[in-house]
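Report on one structure; see the data block that follows.
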Amino acid sequence: MKYYLNILLLLLIAPTTCIYAQAPAYCPVTELLTCKDVHDLKCSPKIWHGIDSLEVFQMEYLNDTAVTIKSLNNTFKDTIARIVIEPKDNTHPYPLNCVKAPPIPTSEGNCTTYLEAYFSDAGKVLKSTIMESCGIIGWMNGFSPYGDWVHADEPTPAPVTDLCKFNKKTEIYHEVGSEGRKAQYFTIDTINATAIAIKSLNNTFPDTITNLKIVHGAQEKIAFTAELYDGKIFHGIMRSNGAGTPNCCEQKTLKSGEKILTNCPVISWWDANGDRYCWETTILPHDNEGECGE
């Protein structure tokens with residue numbers, strides 16, 4: 001939990017933030033471009049990264065009401081975000097008398113902040129939720145999350161020795177919600193320390209090779225980026241299964257001596273349009289499953 005504890009500390013004590021989920025934050029451009037290291041969670045003033053996607057973004061000053069945003073992973077084309085600051089009520093006309101919410105819940109945080117920008121991968125203008133910290137941006141695509149960003153440098157990758165080993169011969173993934181003859185199955189196989197091969201056993205999409213990142217000793221999560229359904233780019237996240245293993249499945253030896261993997265964490269996938277899928281490990285059914293026979 002070290003990674004998330006550091007993010008929580010960033011939100012609690014950094015001078016550019018207020019308590020997360022406590023009160024609306026007043027975030028003028030100077031606050032969005034200022035940050036502070038918290039323990040080993042390093043922070044560069046221009047750098048943000050996706051909490052789940054682990055992609056990196058650069059934000060720079062354009063004027064007092066806007067910033068430029070560049071995806072350092074080429075997820076979307078360079079864009080401009082408008083900073084929208086509004087009073088919580090009609091008693092304090094913007095921008096006069098706007099103050100930051102202090103580090104305890106009070107009524108002094110009297111202005112709200114959100115961002116809006118055009119994202120080329122989504123093909124539309126997206127808005128963030130009302131910011132409750134100047135160090136966290138939650139982008140929405142309609143009613144679906146587009147991505148949460150934190151004002152911090154990219155997390156430290158796990159050492160090669162901790163990287164997860166996927167094995168297509170022992171792991172079958174199933175799309176949650178697909179049942180019977182329409183059930184969707186997939187295999188994942190390790191190629192090297194930073195790449196895996198994904199195969200749809202139902203030809204839902206062509207075979208693909210994707211990169212992955214495992215952060216903080218592999219005790220937290222694995223992030224994927226892959227071209228999957230309908231040729232669209234999807235982000236994936238696999239969180240720790242809590243079994244003390246590095247984000248991978250547990251290995252179990254059967255009486256026959258065969259080694260299988262169990263207790264595998266699920267993989268959650270999402271794209272810029274808000275489409276979401278969840279994969280869990282399962283056993284591939286035989287041809288006659290669900291049929292009556294004599």
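Ligands are numbered from 1 in the order shown, chains are lettered A, B, ... in the order of the structure tokens, and residues start at 1 in each chain.
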
Query raised in the report: If you count only C-alpha atoms, which residues fall within 6 Å of Asp189 in chain A, apart from same-chain ones fewer than 3 positions away, as number ranges by chain?
Result: A: 166-168, 196-197

Go ahead and write the residues just picked, N, CA and C atoms, as a PDB file, in the first residue's frame.
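Here's the written file result.pdb:
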ATOM      1  N   PHE A 166       3.380 -14.307 -16.763  1.00  0.00           N
ATOM      2  CA  PHE A 166       2.126 -14.864 -17.278  1.00  0.00           C
ATOM      3  C   PHE A 166       2.448 -16.104 -18.110  1.00  0.00           C
ATOM      4  N   ASN A 167       1.565 -17.100 -18.073  1.00  0.00           N
ATOM      5  CA  ASN A 167       1.782 -18.341 -18.809  1.00  0.00           C
ATOM      6  C   ASN A 167       0.494 -18.764 -19.487  1.00  0.00           C
ATOM      7  N   LYS A 168       0.486 -18.733 -20.823  1.00  0.00           N
ATOM      8  CA  LYS A 168      -0.732 -19.044 -21.572  1.00  0.00           C
ATOM      9  C   LYS A 168      -1.169 -20.494 -21.406  1.00  0.00           C
ATOM     10  N   ILE A 196       3.865  -8.419 -23.066  1.00  0.00           N
ATOM     11  CA  ILE A 196       3.099  -9.663 -23.012  1.00  0.00           C
ATOM     12  C   ILE A 196       2.347  -9.834 -24.327  1.00  0.00           C
ATOM     13  N   ALA A 197       1.963 -11.067 -24.612  1.00  0.00           N
ATOM     14  CA  ALA A 197       1.138 -11.372 -25.781  1.00  0.00           C
ATOM     15  C   ALA A 197      -0.260 -11.742 -25.298  1.00  0.00           C
TER      16      ALA A 197
END

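Comparing A:Cys27, A:Ala272, A:Cys278, A:Cys43 by their smallest distance to Thr65 in chain A, the closest is A:Cys27 (using only C-alpha atoms).
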
Query - Nearest-residue call for Lys165 in chain A, choices A:Cys134, A:Ala152, A:Leu33, A:Ile214, using only C-alpha atoms - result: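 That would be A:Ile214, the residue with the smallest distance to Lys165 in chain A.
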
Requested in this report: Name the residues in contact with Thr187 in chain A at a cut-off of 7 Å, using only C-alpha atoms, excluding same-chain residues fewer than 4 positions from it; report them as a ChimeraX atom specification.
Outcome: /A:168,171-173,198-200

Store the residues picked out above, limited to C-alpha atoms, as a compact mmCIF listing (two decimals), in the first residue's frame.
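Now in again13.txt:
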# COMPACT_ATOMS: atom_id res chain seq x y z
CA LYS A 168 -0.73 -19.04 -21.57
CA GLU A 171 -3.94 -19.29 -17.22
CA ILE A 172 -7.22 -18.79 -19.06
CA TYR A 173 -8.99 -15.45 -18.67
CA ILE A 198 -2.68 -11.42 -25.56
CA LYS A 199 -4.72 -13.88 -27.60
CA SER A 200 -8.51 -14.06 -27.91

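Closest approach to Ile130 in chain A from the set A:Cys111, A:Leu62, A:Val150, A:Val99 is made by A:Cys111, with distances taken over only C-alpha atoms.
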
Requested in this report: Mind checking which residues fall within 9 Å of Tyr26 in chain A, counting only C-alpha atoms, ignoring those fewer than 2 positions away in the same chain, and posting them as a list of chain:residue names?
Outcome: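 After dropping sequence-adjacent residues, the list is A:Pro24, A:Pro28, A:Glu31, A:Ile85, A:Glu86, A:Cys98, A:Val99, A:Lys100, A:Ala101, A:Gly109, A:Asn110, A:Cys111, A:Thr112, A:Thr113, A:Met131, A:Glu132, A:Ser133, A:Cys134.
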
Query raised in the report: If you measure from CA of Tyr118 in chain A to CA of Ile80 in chain A, what distance in Å do you get, rounded to one decimal?
Result: 7.2 Å

**Report entry** Straight-line distance linking CA of Pro145 in chain A with CA of Lys124 in chain A, stated in Å to one decimal
**Finding:** 14.0 Å

Requested in this report: Tell me which protein, DNA and RNA residues are within 9 Å of Lys213 in chain A, counting only C-alpha atoms, leaving out same-chain ones fewer than 3 positions away, and put them as a VMD selection string.
Outcome: chain A and resid 54 157 to 158 163 193 to 195 221 to 224
